[in-house]
Amino acid sequence: LAGESPFLLGPPGTGKSMIARRLKSVFKGATAFEYLMSRFSTPDELFGPVSIKKLKDQDLYERQIEGYLPATDIVFLDEIWKAGPAIQNALLTVINEKIYQNGTHTLHVPMKCLIAASNELPAEDEGLEALWDRFLVRVVSNCIENEKTFYRMLTMTEMPTISVSDDLLVTDELYSSWQKAMSNIDVPEGILLAITSIRKALAEAGKQDGVTPFDYYISDRRWRKVIHLLRAAAFLNGRAVIDYSDLLLLYHILWNKVECIEPVLTMVSKAVISDLESETT
């Protein structure tokens with residue numbers, strides 16, 4: 001609902017694609033696009049084929065986007081890092097600015113969320129940093145660990161169907177009004193100070209031996225998106241102000257490698273507890 005794009009890290013068969021399909025059912029009249037990337041994937045397969053008629057009759061290079069990513073509300077791209085440079089470059093503006101350049105026309109895509117998934121993180125030194133930076137929320141999706149839940153999955157005869165009553169569906173008008181309301185959520189000084197503490201901790205962690213600067217690097221763009229996500233969390237919890245509980249979302253945002261997850265969890269926890277203690281003393 002914040003309009004940000006999450007990345008799911010996990011092995012095959014852990015329900016990552018099902019999440020995207022379920023999200024579609026939340027939005028009224030929503031469309032979905034799902035694609036498994038490979039080294040041989042072409043822009044035509046994601047953004048639509050080039051219109052031969054327009055190319056022949058009007059000398060215009062435009063794609064027929066209906067039914068493809070630029071005309072879809074919810075997008076799921078599996079094995080995202082296998083995409084070639086042409087696809088990656090187009091995704092940068094689609095994810096960040098929600099626009100797609102179709103020939104001479106700049107289109108505002110209706111996409112509310114692009115969910116990407118892979119069983120690995122982007123390889124270093126292959127120019128994937130900019131695309132990786134676009135995925136604000138990063139979640140590890142592992143196999144079921146609880147035995148009781150695992151048994152329930154084994155004995156299910158079929159997947160349960162999800163039906164959302166019409167009065168609970170999120171319309172485009174409601175979605176737009178929520179986006180505007182989120183921008184009015186206040187960011188108190190205590191939250192900003194906590195973020196400063198976390199930024200300093202990240203900078204110190206990046207100076208440790210055996211750590212590359214990118215391991216704990218968070219761009220200004222991501223920090224700005226962080227605030228938007230925290231505002232969304234506060235709004236959806238019926239508050240007019242961001243509070244410290246919203247900062248716990250940073251567990252899923254500030255890591256770039258799996259090895260960084262535990263240190264980031266510690267940094268965020270310490271900053272939140274330290275600021276809470278200072279407010280109560």
# chains A, B, ... in the order shown; residues from 1 in each chain; ligands from 1
$ select_by_dssp --residues "range 55-270 of chain A" --states "helix (DSSP H, G or I)" --output "PyMOL selection string"
chain A and resi 55-57+69-71+80-82+85-96+129-134+147-155+166-168+172-182+189-205+213-216+220-236+244-252+258-270
$ residues_around --residues "Ser219 in chain A" --least-positions-apart "3" --cutoff "8 Å" --atoms "only C-alpha atoms" --output "ChimeraX atom specification"
/A:133,222-223
$ write_last_selection --atoms "C-alpha atoms" --output "short mmCIF file (atom, residue, chain, number, x, y, z; two decimals), in the first residue's frame"
data_model
loop_
_atom_site.label_atom_id
_atom_site.label_comp_id
_atom_site.auth_asym_id
_atom_site.auth_seq_id
_atom_site.Cartn_x
_atom_site.Cartn_y
_atom_site.Cartn_z
CA ASP A 133 18.75 -0.53 -4.62
CA ARG A 222 16.41 4.55 0.03
CA TRP A 223 16.33 6.70 3.16
#
$ closest_residue --among "A:Phe47, A:Leu265, A:Ala233, A:Arg22" --to "Gly67 in chain A" --atoms "only C-alpha atoms"
A:Phe47
$ closest_atom_pairs --of "range 39-115 of chain A" --to "range 158-179 of chain A" --cutoff "12 Å" --atoms "only C-alpha atoms" --output "CSV"
residue,atom,partner,partner_atom,distance
A:Asp73,CA,A:Asp172,CA,10.2
A:Pro110,CA,A:Asp172,CA,9.4
A:Met111,CA,A:Asp172,CA,11.1
A:Lys112,CA,A:Tyr175,CA,9.2
$ closest_residue --among "A:Ala234, A:Leu23, A:Leu128, A:Ala194" --to "Ala83 in chain A" --atoms "only C-alpha atoms"
A:Leu128
$ closest_atom_pairs --of "range 55-121 of chain A" --to "range 37-42 of chain A" --cutoff "12 Å" --atoms "only C-alpha atoms" --output "Markdown table"
| residue | atom | partner | partner_atom | distance |
| --- | --- | --- | --- | --- |
| A:Phe76 | CA | A:Met37 | CA | 10.3 |
| A:Leu77 | CA | A:Met37 | CA | 6.8 |
| A:Asp78 | CA | A:Met37 | CA | 5.9 |
| A:Glu79 | CA | A:Met37 | CA | 5.4 |
| A:Ile80 | CA | A:Met37 | CA | 6.0 |
| A:Trp81 | CA | A:Met37 | CA | 7.9 |
| A:Lys82 | CA | A:Ser38 | CA | 5.1 |
| A:Ala83 | CA | A:Met37 | CA | 6.0 |
| A:Gly84 | CA | A:Arg39 | CA | 6.4 |
| A:Pro85 | CA | A:Thr42 | CA | 9.9 |
| A:Ala86 | CA | A:Thr42 | CA | 8.1 |
| A:Ile87 | CA | A:Thr42 | CA | 7.2 |
| A:Gln88 | CA | A:Thr42 | CA | 10.7 |
| A:Ala90 | CA | A:Thr42 | CA | 11.7 |
| A:Ala116 | CA | A:Met37 | CA | 10.3 |
| A:Ala117 | CA | A:Met37 | CA | 10.0 |
| A:Ser118 | CA | A:Met37 | CA | 9.8 |
$ write_last_selection --atoms "C-alpha atoms" --output "PDB file, in the first residue's frame"
ATOM      1  CA  PHE A  76       5.868 -10.784 -10.013  1.00  0.00           C
ATOM      2  CA  LEU A  77       9.296 -11.399 -11.560  1.00  0.00           C
ATOM      3  CA  ASP A  78      11.021 -14.601 -10.512  1.00  0.00           C
ATOM      4  CA  GLU A  79      14.801 -15.025 -10.830  1.00  0.00           C
ATOM      5  CA  ILE A  80      15.096 -11.266 -11.324  1.00  0.00           C
ATOM      6  CA  TRP A  81      18.912 -11.201 -11.549  1.00  0.00           C
ATOM      7  CA  LYS A  82      18.899 -13.277 -14.720  1.00  0.00           C
ATOM      8  CA  ALA A  83      17.378 -10.341 -16.645  1.00  0.00           C
ATOM      9  CA  GLY A  84      19.572  -8.840 -19.345  1.00  0.00           C
ATOM     10  CA  PRO A  85      20.755  -5.193 -19.414  1.00  0.00           C
ATOM     11  CA  ALA A  86      17.911  -4.002 -21.679  1.00  0.00           C
ATOM     12  CA  ILE A  87      15.282  -5.317 -19.250  1.00  0.00           C
ATOM     13  CA  GLN A  88      17.174  -4.063 -16.198  1.00  0.00           C
ATOM     14  CA  ALA A  90      13.704  -0.365 -18.290  1.00  0.00           C
ATOM     15  CA  ALA A 116      10.881  -9.752  -7.299  1.00  0.00           C
ATOM     16  CA  ALA A 117      12.249 -13.075  -6.139  1.00  0.00           C
ATOM     17  CA  SER A 118      15.381 -15.160  -6.414  1.00  0.00           C
TER      18      SER A 118
END
$ select_by_dssp --residues "range 35-212 of chain A" --states "strand (DSSP E)" --output "NGL selection string"
:A and (35-36 or 74-78 or 99-102 or 105-108 or 113-118 or 137-140)
$ closest_residue --among "A:Thr266, A:Gly15, A:Ala240, A:Lys257" --to "Ala123 in chain A" --atoms "only C-alpha atoms"
A:Lys257
$ closest_residue --among "A:Asn237, A:Ile191, A:Asn119, A:Leu69" --to "Tyr35 in chain A" --atoms "only C-alpha atoms"
A:Leu69
$ residues_around --residues "Ile115 in chain A" --least-positions-apart "3" --cutoff "6 Å" --atoms "only C-alpha atoms" --output "count of residues only"
4
$ atom_distance --atom1 "CA of Ala32 in chain A" --atom2 "CA of Gln101 in chain A"
20.1 Å
$ closest_residue --among "A:Ile74, A:Leu249, A:Leu60, A:Val109" --to "Gly29 in chain A" --atoms "only C-alpha atoms"
A:Ile74
$ closest_residue --among "A:Val226, A:Val211, A:Ile65, A:Ile95" --to "Leu247 in chain A" --atoms "only C-alpha atoms"
A:Val226
$ closest_atom_pairs --of "range 135-219 of chain A" --to "range 227-230 of chain A" --cutoff "10 Å" --atoms "only C-alpha atoms" --output "JSON lines"
{"residue": "A:Leu136", "atom": "CA", "partner": "A:Leu229", "partner_atom": "CA", "distance": 9.1}
{"residue": "A:Val137", "atom": "CA", "partner": "A:Leu229", "partner_atom": "CA", "distance": 9.4}
{"residue": "A:Gln179", "atom": "CA", "partner": "A:His228", "partner_atom": "CA", "distance": 9.6}
{"residue": "A:Met182", "atom": "CA", "partner": "A:His228", "partner_atom": "CA", "distance": 7.6}
{"residue": "A:Ser183", "atom": "CA", "partner": "A:His228", "partner_atom": "CA", "distance": 7.3}
{"residue": "A:Ile185", "atom": "CA", "partner": "A:Leu230", "partner_atom": "CA", "distance": 9.1}
{"residue": "A:Val187", "atom": "CA", "partner": "A:Ile227", "partner_atom": "CA", "distance": 8.1}
{"residue": "A:Ile191", "atom": "CA", "partner": "A:Ile227", "partner_atom": "CA", "distance": 9.8}
{"residue": "A:Leu192", "atom": "CA", "partner": "A:Ile227", "partner_atom": "CA", "distance": 9.6}
{"residue": "A:Ile195", "atom": "CA", "partner": "A:Ile227", "partner_atom": "CA", "distance": 9.9}
$ residues_around --residues "range 199-206 of chain A" --least-positions-apart "6" --cutoff "7 Å" --atoms "only C-alpha atoms" --output "compact mmCIF listing (two decimals) with N, CA and C atoms, in the first residue's frame"
# COMPACT_ATOMS: atom_id res chain seq x y z
N THR A 212 33.03 -4.76 2.73
CA THR A 212 33.11 -3.78 1.65
C THR A 212 32.19 -2.61 1.96
N PRO A 213 32.48 -1.42 1.45
CA PRO A 213 31.62 -0.26 1.71
C PRO A 213 30.17 -0.49 1.31
N ASP A 215 28.41 -3.18 1.60
CA ASP A 215 27.68 -4.08 2.50
C ASP A 215 26.68 -3.33 3.37
N TYR A 216 27.04 -2.16 3.82
CA TYR A 216 26.16 -1.39 4.71
C TYR A 216 25.79 -0.02 4.11
N MET A 267 21.69 -3.19 15.36
CA MET A 267 21.80 -1.73 15.25
C MET A 267 20.45 -1.05 15.46
$ atom_distance --atom1 "CA of Glu120 in chain A" --atom2 "CA of Gly10 in chain A"
7.3 Å
$ atom_distance --atom1 "CA of Asn102 in chain A" --atom2 "CA of Glu62 in chain A"
5.6 Å
$ decode --residues "range 145-185 of chain A" --atoms "C-alpha atoms" --output "mmCIF file, in the first residue's frame"
data_model
loop_
_atom_site.group_PDB
_atom_site.id
_atom_site.type_symbol
_atom_site.label_atom_id
_atom_site.label_comp_id
_atom_site.auth_asym_id
_atom_site.auth_seq_id
_atom_site.Cartn_x
_atom_site.Cartn_y
_atom_site.Cartn_z
ATOM 1 C CA GLU A 145 10.146 -24.995 9.957
ATOM 2 C CA ASN A 146 7.228 -25.596 12.340
ATOM 3 C CA GLU A 147 6.301 -29.282 12.121
ATOM 4 C CA LYS A 148 2.615 -28.770 12.860
ATOM 5 C CA THR A 149 2.360 -26.215 10.069
ATOM 6 C CA PHE A 150 4.366 -28.511 7.796
ATOM 7 C CA TYR A 151 1.969 -31.417 8.449
ATOM 8 C CA ARG A 152 -0.990 -29.157 7.692
ATOM 9 C CA MET A 153 0.590 -28.247 4.360
ATOM 10 C CA LEU A 154 1.219 -31.935 3.558
ATOM 11 C CA THR A 155 -2.356 -33.018 4.268
ATOM 12 C CA MET A 156 -4.112 -30.204 2.416
ATOM 13 C CA THR A 157 -6.193 -31.625 -0.416
ATOM 14 C CA GLU A 158 -6.160 -28.351 -2.334
ATOM 15 C CA MET A 159 -5.057 -24.771 -1.958
ATOM 16 C CA PRO A 160 -7.678 -22.634 -0.198
ATOM 17 C CA THR A 161 -9.360 -20.044 -2.368
ATOM 18 C CA ILE A 162 -9.269 -16.472 -1.172
ATOM 19 C CA SER A 163 -12.361 -14.329 -1.571
ATOM 20 C CA VAL A 164 -12.402 -10.697 -0.430
ATOM 21 C CA SER A 165 -15.828 -9.101 -0.082
ATOM 22 C CA ASP A 166 -16.463 -6.223 -2.432
ATOM 23 C CA ASP A 167 -16.746 -3.625 0.334
ATOM 24 C CA LEU A 168 -13.221 -4.461 1.521
ATOM 25 C CA LEU A 169 -11.521 -4.216 -1.865
ATOM 26 C CA VAL A 170 -9.101 -1.319 -2.362
ATOM 27 C CA THR A 171 -10.240 0.819 -5.276
ATOM 28 C CA ASP A 172 -7.931 3.086 -7.280
ATOM 29 C CA GLU A 173 -9.636 6.113 -5.725
ATOM 30 C CA LEU A 174 -9.134 4.807 -2.182
ATOM 31 C CA TYR A 175 -5.536 3.856 -2.931
ATOM 32 C CA SER A 176 -4.832 7.364 -4.239
ATOM 33 C CA SER A 177 -6.465 9.029 -1.234
ATOM 34 C CA TRP A 178 -4.421 6.862 1.156
ATOM 35 C CA GLN A 179 -1.209 7.824 -0.633
ATOM 36 C CA LYS A 180 -2.020 11.517 -0.094
ATOM 37 C CA ALA A 181 -2.980 10.952 3.541
ATOM 38 C CA MET A 182 0.295 9.120 4.211
ATOM 39 C CA SER A 183 2.288 12.173 3.144
ATOM 40 C CA ASN A 184 0.717 14.153 6.007
ATOM 41 C CA ILE A 185 1.993 11.815 8.731
#
